[in-house]
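Comments concern the structure below.
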Amino acid sequence: MNKNLIEALEQFEKTANHYLMELDTLSMEQLLRQPAEGEWSLGQMVQHLIQSALYMQLRNIDQCLAGNGEAAGNEAEMTPDGKAVFAGGSFPPVRVHVPPSPQYTPVQPESKEQLIQGLHTVMDRMRETLPKLAQASEHSTVPHPRFGPLTAAEWYLLIEMHYRHHLLQLDRLKDFIGSSVAQ
């Protein structure tokens, strides 16, 4: 088994457990509080992490594993942004702002339990997926909108990087929640 993938799972679990610990300290009211119109609440951010892992990243891994990905030819290669992210092992520490839209903006969570269960589901899927990656073809890829064609292993590493990247947003939202309570 690839050492980088095992380490990615360990780091992912550490980060996901950090989110779970944070959820434990917050009320539902705090999870729903938005810093401004069009900005995500902490609950929406966690929804985004869960949904992107389950319905994009892990789904794309499954496509690669099933051989339903595209055959990576010489002309198909990762974009410069993708190469930079994977070379550095993380997303750049900058805010990414996508205009609100029904396709991209996560809905507010219905309950804290929904978020907790969602994070546990992603952790379970990550554990189940890791051993399958040993059989993944390096030639089966699914394109990422910004990074170009990614293999199953690259999609897997991306999940960990994505969860870690949102820790910056978590800190900003916790500061907002704390300052809005103090007022």
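Chain labels run A, B, ... following the order of the structure tokens; each chain numbers its residues from 1, and ligands are numbered from 1 in the order shown.
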For Met21 (chain A), please output as a list of chain:residue names all residues within 12 Å (counting only C-alpha atoms; exclusion window: fewer than 6 positions along the same chain). A:Lys14, A:Thr15, A:Lys112, A:Leu115, A:Ile116, A:Leu119
I need the residues from that last selection saved to file as a PDB file, in the first residue's frame (with C-alpha atoms), if you can.
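Generated file (selection-v1.pdb):
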ATOM      1  CA  LYS A  14      -7.313  13.747  12.313  1.00  0.00           C
ATOM      2  CA  THR A  15      -8.875  16.704  10.484  1.00  0.00           C
ATOM      3  CA  LYS A 112     -26.043  18.910  14.255  1.00  0.00           C
ATOM      4  CA  LEU A 115     -23.354  16.946  10.157  1.00  0.00           C
ATOM      5  CA  ILE A 116     -21.894  14.425  12.601  1.00  0.00           C
ATOM      6  CA  LEU A 119     -18.581  13.297   8.626  1.00  0.00           C
TER       7      LEU A 119
END
I'd like the neighbourhood of Lys3 (chain A) as a PDB file with all heavy atoms, in the first residue's frame, where a residue qualifies if any of its atoms comes within 12 Å (using only C-alpha atoms), though same-chain residues fewer than 2 positions away should be ignored.
ATOM      1  N   MET A   1       0.850  -1.186   0.000  1.00  0.00           N
ATOM      2  CA  MET A   1       0.000   0.000   0.000  1.00  0.00           C
ATOM      3  C   MET A   1       0.893   1.247   0.000  1.00  0.00           C
ATOM      4  O   MET A   1       1.890   1.305   0.701  1.00  0.00           O
ATOM      5  CB  MET A   1      -0.900  -0.033   1.236  1.00  0.00           C
ATOM      6  CG  MET A   1      -1.878   1.113   1.363  1.00  0.00           C
ATOM      7  SD  MET A   1      -3.012   1.416   0.007  1.00  0.00           S
ATOM      8  CE  MET A   1      -3.869  -0.133  -0.118  1.00  0.00           C
ATOM      9  N   LEU A   5      -0.739   7.466   0.671  1.00  0.00           N
ATOM     10  CA  LEU A   5      -2.181   7.299   0.811  1.00  0.00           C
ATOM     11  C   LEU A   5      -2.552   6.934   2.241  1.00  0.00           C
ATOM     12  O   LEU A   5      -3.564   7.409   2.765  1.00  0.00           O
ATOM     13  CB  LEU A   5      -2.694   6.247  -0.175  1.00  0.00           C
ATOM     14  CG  LEU A   5      -2.553   6.620  -1.655  1.00  0.00           C
ATOM     15  CD1 LEU A   5      -2.933   5.445  -2.542  1.00  0.00           C
ATOM     16  CD2 LEU A   5      -3.382   7.851  -1.988  1.00  0.00           C
ATOM     17  N   ILE A   6      -1.738   6.109   2.888  1.00  0.00           N
ATOM     18  CA  ILE A   6      -1.983   5.758   4.298  1.00  0.00           C
ATOM     19  C   ILE A   6      -1.857   7.004   5.163  1.00  0.00           C
ATOM     20  O   ILE A   6      -2.693   7.266   6.026  1.00  0.00           O
ATOM     21  CB  ILE A   6      -1.007   4.648   4.756  1.00  0.00           C
ATOM     22  CG1 ILE A   6      -1.304   3.348   4.005  1.00  0.00           C
ATOM     23  CG2 ILE A   6      -1.093   4.434   6.264  1.00  0.00           C
ATOM     24  CD1 ILE A   6      -0.237   2.278   4.162  1.00  0.00           C
ATOM     25  N   GLU A   7      -0.821   7.799   4.906  1.00  0.00           N
ATOM     26  CA  GLU A   7      -0.642   9.049   5.658  1.00  0.00           C
ATOM     27  C   GLU A   7      -1.784  10.022   5.387  1.00  0.00           C
ATOM     28  O   GLU A   7      -2.220  10.737   6.294  1.00  0.00           O
ATOM     29  CB  GLU A   7       0.698   9.694   5.297  1.00  0.00           C
ATOM     30  CG  GLU A   7       1.888   8.920   5.841  1.00  0.00           C
ATOM     31  CD  GLU A   7       3.225   9.435   5.327  1.00  0.00           C
ATOM     32  OE1 GLU A   7       3.250  10.357   4.470  1.00  0.00           O
ATOM     33  OE2 GLU A   7       4.249   8.906   5.787  1.00  0.00           O
ATOM     34  N   ALA A   8      -2.287  10.037   4.153  1.00  0.00           N
ATOM     35  CA  ALA A   8      -3.404  10.916   3.817  1.00  0.00           C
ATOM     36  C   ALA A   8      -4.648  10.514   4.609  1.00  0.00           C
ATOM     37  O   ALA A   8      -5.369  11.380   5.113  1.00  0.00           O
ATOM     38  CB  ALA A   8      -3.696  10.881   2.317  1.00  0.00           C
ATOM     39  N   LEU A   9      -4.894   9.214   4.728  1.00  0.00           N
ATOM     40  CA  LEU A   9      -6.045   8.761   5.512  1.00  0.00           C
ATOM     41  C   LEU A   9      -5.878   9.161   6.976  1.00  0.00           C
ATOM     42  O   LEU A   9      -6.822   9.651   7.606  1.00  0.00           O
ATOM     43  CB  LEU A   9      -6.245   7.251   5.396  1.00  0.00           C
ATOM     44  CG  LEU A   9      -7.379   6.683   6.268  1.00  0.00           C
ATOM     45  CD1 LEU A   9      -8.728   7.297   5.909  1.00  0.00           C
ATOM     46  CD2 LEU A   9      -7.425   5.162   6.166  1.00  0.00           C
ATOM     47  N   GLU A  10      -4.686   8.973   7.513  1.00  0.00           N
ATOM     48  CA  GLU A  10      -4.438   9.344   8.911  1.00  0.00           C
ATOM     49  C   GLU A  10      -4.660  10.842   9.125  1.00  0.00           C
ATOM     50  O   GLU A  10      -5.299  11.255  10.098  1.00  0.00           O
ATOM     51  CB  GLU A  10      -3.016   8.945   9.327  1.00  0.00           C
ATOM     52  CG  GLU A  10      -2.831   7.445   9.427  1.00  0.00           C
ATOM     53  CD  GLU A  10      -1.374   7.015   9.581  1.00  0.00           C
ATOM     54  OE1 GLU A  10      -0.454   7.882   9.533  1.00  0.00           O
ATOM     55  OE2 GLU A  10      -1.144   5.795   9.735  1.00  0.00           O
ATOM     56  N   LEU A 130      -9.497   3.106   0.682  1.00  0.00           N
ATOM     57  CA  LEU A 130      -8.032   3.017   0.685  1.00  0.00           C
ATOM     58  C   LEU A 130      -7.502   1.708   0.117  1.00  0.00           C
ATOM     59  O   LEU A 130      -6.669   1.734  -0.803  1.00  0.00           O
ATOM     60  CB  LEU A 130      -7.477   3.276   2.090  1.00  0.00           C
ATOM     61  CG  LEU A 130      -5.949   3.200   2.210  1.00  0.00           C
ATOM     62  CD1 LEU A 130      -5.273   4.258   1.350  1.00  0.00           C
ATOM     63  CD2 LEU A 130      -5.529   3.346   3.665  1.00  0.00           C
ATOM     64  N   PRO A 131      -7.930   0.525   0.581  1.00  0.00           N
ATOM     65  CA  PRO A 131      -7.350  -0.706   0.038  1.00  0.00           C
ATOM     66  C   PRO A 131      -7.647  -0.920  -1.452  1.00  0.00           C
ATOM     67  O   PRO A 131      -6.868  -1.561  -2.154  1.00  0.00           O
ATOM     68  CB  PRO A 131      -7.967  -1.826   0.879  1.00  0.00           C
ATOM     69  CG  PRO A 131      -8.943  -1.210   1.797  1.00  0.00           C
ATOM     70  CD  PRO A 131      -8.868   0.275   1.667  1.00  0.00           C
ATOM     71  N   LEU A 133      -7.488   1.259  -3.726  1.00  0.00           N
ATOM     72  CA  LEU A 133      -6.623   2.097  -4.562  1.00  0.00           C
ATOM     73  C   LEU A 133      -5.409   1.338  -5.085  1.00  0.00           C
ATOM     74  O   LEU A 133      -4.821   1.722  -6.094  1.00  0.00           O
ATOM     75  CB  LEU A 133      -6.184   3.342  -3.790  1.00  0.00           C
ATOM     76  CG  LEU A 133      -7.317   4.304  -3.424  1.00  0.00           C
ATOM     77  CD1 LEU A 133      -6.788   5.433  -2.555  1.00  0.00           C
ATOM     78  CD2 LEU A 133      -8.006   4.845  -4.662  1.00  0.00           C
ATOM     79  N   ALA A 134      -5.047   0.239  -4.432  1.00  0.00           N
ATOM     80  CA  ALA A 134      -3.905  -0.567  -4.895  1.00  0.00           C
ATOM     81  C   ALA A 134      -4.167  -1.145  -6.287  1.00  0.00           C
ATOM     82  O   ALA A 134      -3.225  -1.382  -7.052  1.00  0.00           O
ATOM     83  CB  ALA A 134      -3.615  -1.693  -3.896  1.00  0.00           C
ATOM     84  N   ALA A 153      -6.052   7.775  -7.017  1.00  0.00           N
ATOM     85  CA  ALA A 153      -5.184   8.132  -5.888  1.00  0.00           C
ATOM     86  C   ALA A 153      -5.123   9.656  -5.714  1.00  0.00           C
ATOM     87  O   ALA A 153      -5.126  10.155  -4.591  1.00  0.00           O
ATOM     88  CB  ALA A 153      -3.785   7.559  -6.090  1.00  0.00           C
ATOM     89  N   LEU A 157      -6.169  11.867  -2.394  1.00  0.00           N
ATOM     90  CA  LEU A 157      -5.317  12.856  -1.736  1.00  0.00           C
ATOM     91  C   LEU A 157      -5.999  14.226  -1.695  1.00  0.00           C
ATOM     92  O   LEU A 157      -5.859  14.971  -0.717  1.00  0.00           O
ATOM     93  CB  LEU A 157      -3.972  12.966  -2.467  1.00  0.00           C
ATOM     94  CG  LEU A 157      -3.077  11.724  -2.426  1.00  0.00           C
ATOM     95  CD1 LEU A 157      -1.903  11.886  -3.378  1.00  0.00           C
ATOM     96  CD2 LEU A 157      -2.601  11.436  -1.010  1.00  0.00           C
TER      97      LEU A 157
END
Quote the spacing between CA of His139 (chain A) and CA of Phe12 (chain A) in Å to one decimal place.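 Between CA of His139 (chain A) and CA of Phe12 (chain A) the gap works out to 25.3 Å.
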Just checking: using only C-alpha atoms, which residue out of A:Leu58, A:Met28, A:Val122, A:Leu65 ends up closest to Glu13 (chain A)?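 The closest residue to Glu13 (chain A) is A:Val122.
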Item to complete: Could you check which of A:Val94, A:Leu49, A:Cys64, A:Leu26 is closest to Trp155 (chain A), using only C-alpha atoms?
Response: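 With only C-alpha atoms as the atom set, the closest residue is A:Cys64.
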What separates CA of Gly43 (chain A) and CA of Leu31 (chain A) is a distance of 4.7 Å
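Minimum distance to Thr151 (chain A) across A:Ser111, A:Thr105, A:Asn68, A:Gln169 (counting only C-alpha atoms) occurs at A:Asn68.
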Q.
Excluding Gln108 (chain A) and its own-chain neighbours fewer than 3 positions away, which residues fall within 8 Å of it when counting only C-alpha atoms? Please give them as a PyMOL selection string.
A. chain A and resi 32+41+43-44+47
Output for the residues just chosen: N, CA, C and O atoms as a short mmCIF file (atom, residue, chain, number, x, y, z; two decimals), in the first residue's frame:
data_model
loop_
_atom_site.label_atom_id
_atom_site.label_comp_id
_atom_site.auth_asym_id
_atom_site.auth_seq_id
_atom_site.Cartn_x
_atom_site.Cartn_y
_atom_site.Cartn_z
N LEU A 32 -25.63 27.87 12.28
CA LEU A 32 -26.43 28.47 11.20
C LEU A 32 -26.11 29.94 10.95
O LEU A 32 -26.54 30.51 9.95
N SER A 41 -22.37 29.75 6.46
CA SER A 41 -22.28 29.50 7.90
C SER A 41 -21.31 28.34 8.11
O SER A 41 -20.91 27.65 7.15
N GLY A 43 -22.10 25.59 9.52
CA GLY A 43 -22.86 24.40 9.14
C GLY A 43 -22.84 24.17 7.64
O GLY A 43 -22.69 23.02 7.18
N GLN A 44 -22.97 25.23 6.86
CA GLN A 44 -22.89 25.09 5.40
C GLN A 44 -21.51 24.65 4.95
O GLN A 44 -21.38 23.86 4.02
N GLN A 47 -21.35 21.01 5.54
CA GLN A 47 -22.17 20.37 4.50
C GLN A 47 -21.38 20.29 3.19
O GLN A 47 -21.41 19.27 2.51
#
Min atom-atom distance to Glu160 (chain A) from the set A:Ser137, A:Gln117, A:Gln63, A:Gln11, counting only C-alpha atoms, belongs to A:Gln11
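Here the question is which of A:Leu54, A:Leu167, A:Val46, A:Val85 gets nearest to Arg146 (chain A) using only C-alpha atoms, and that residue is A:Val85.
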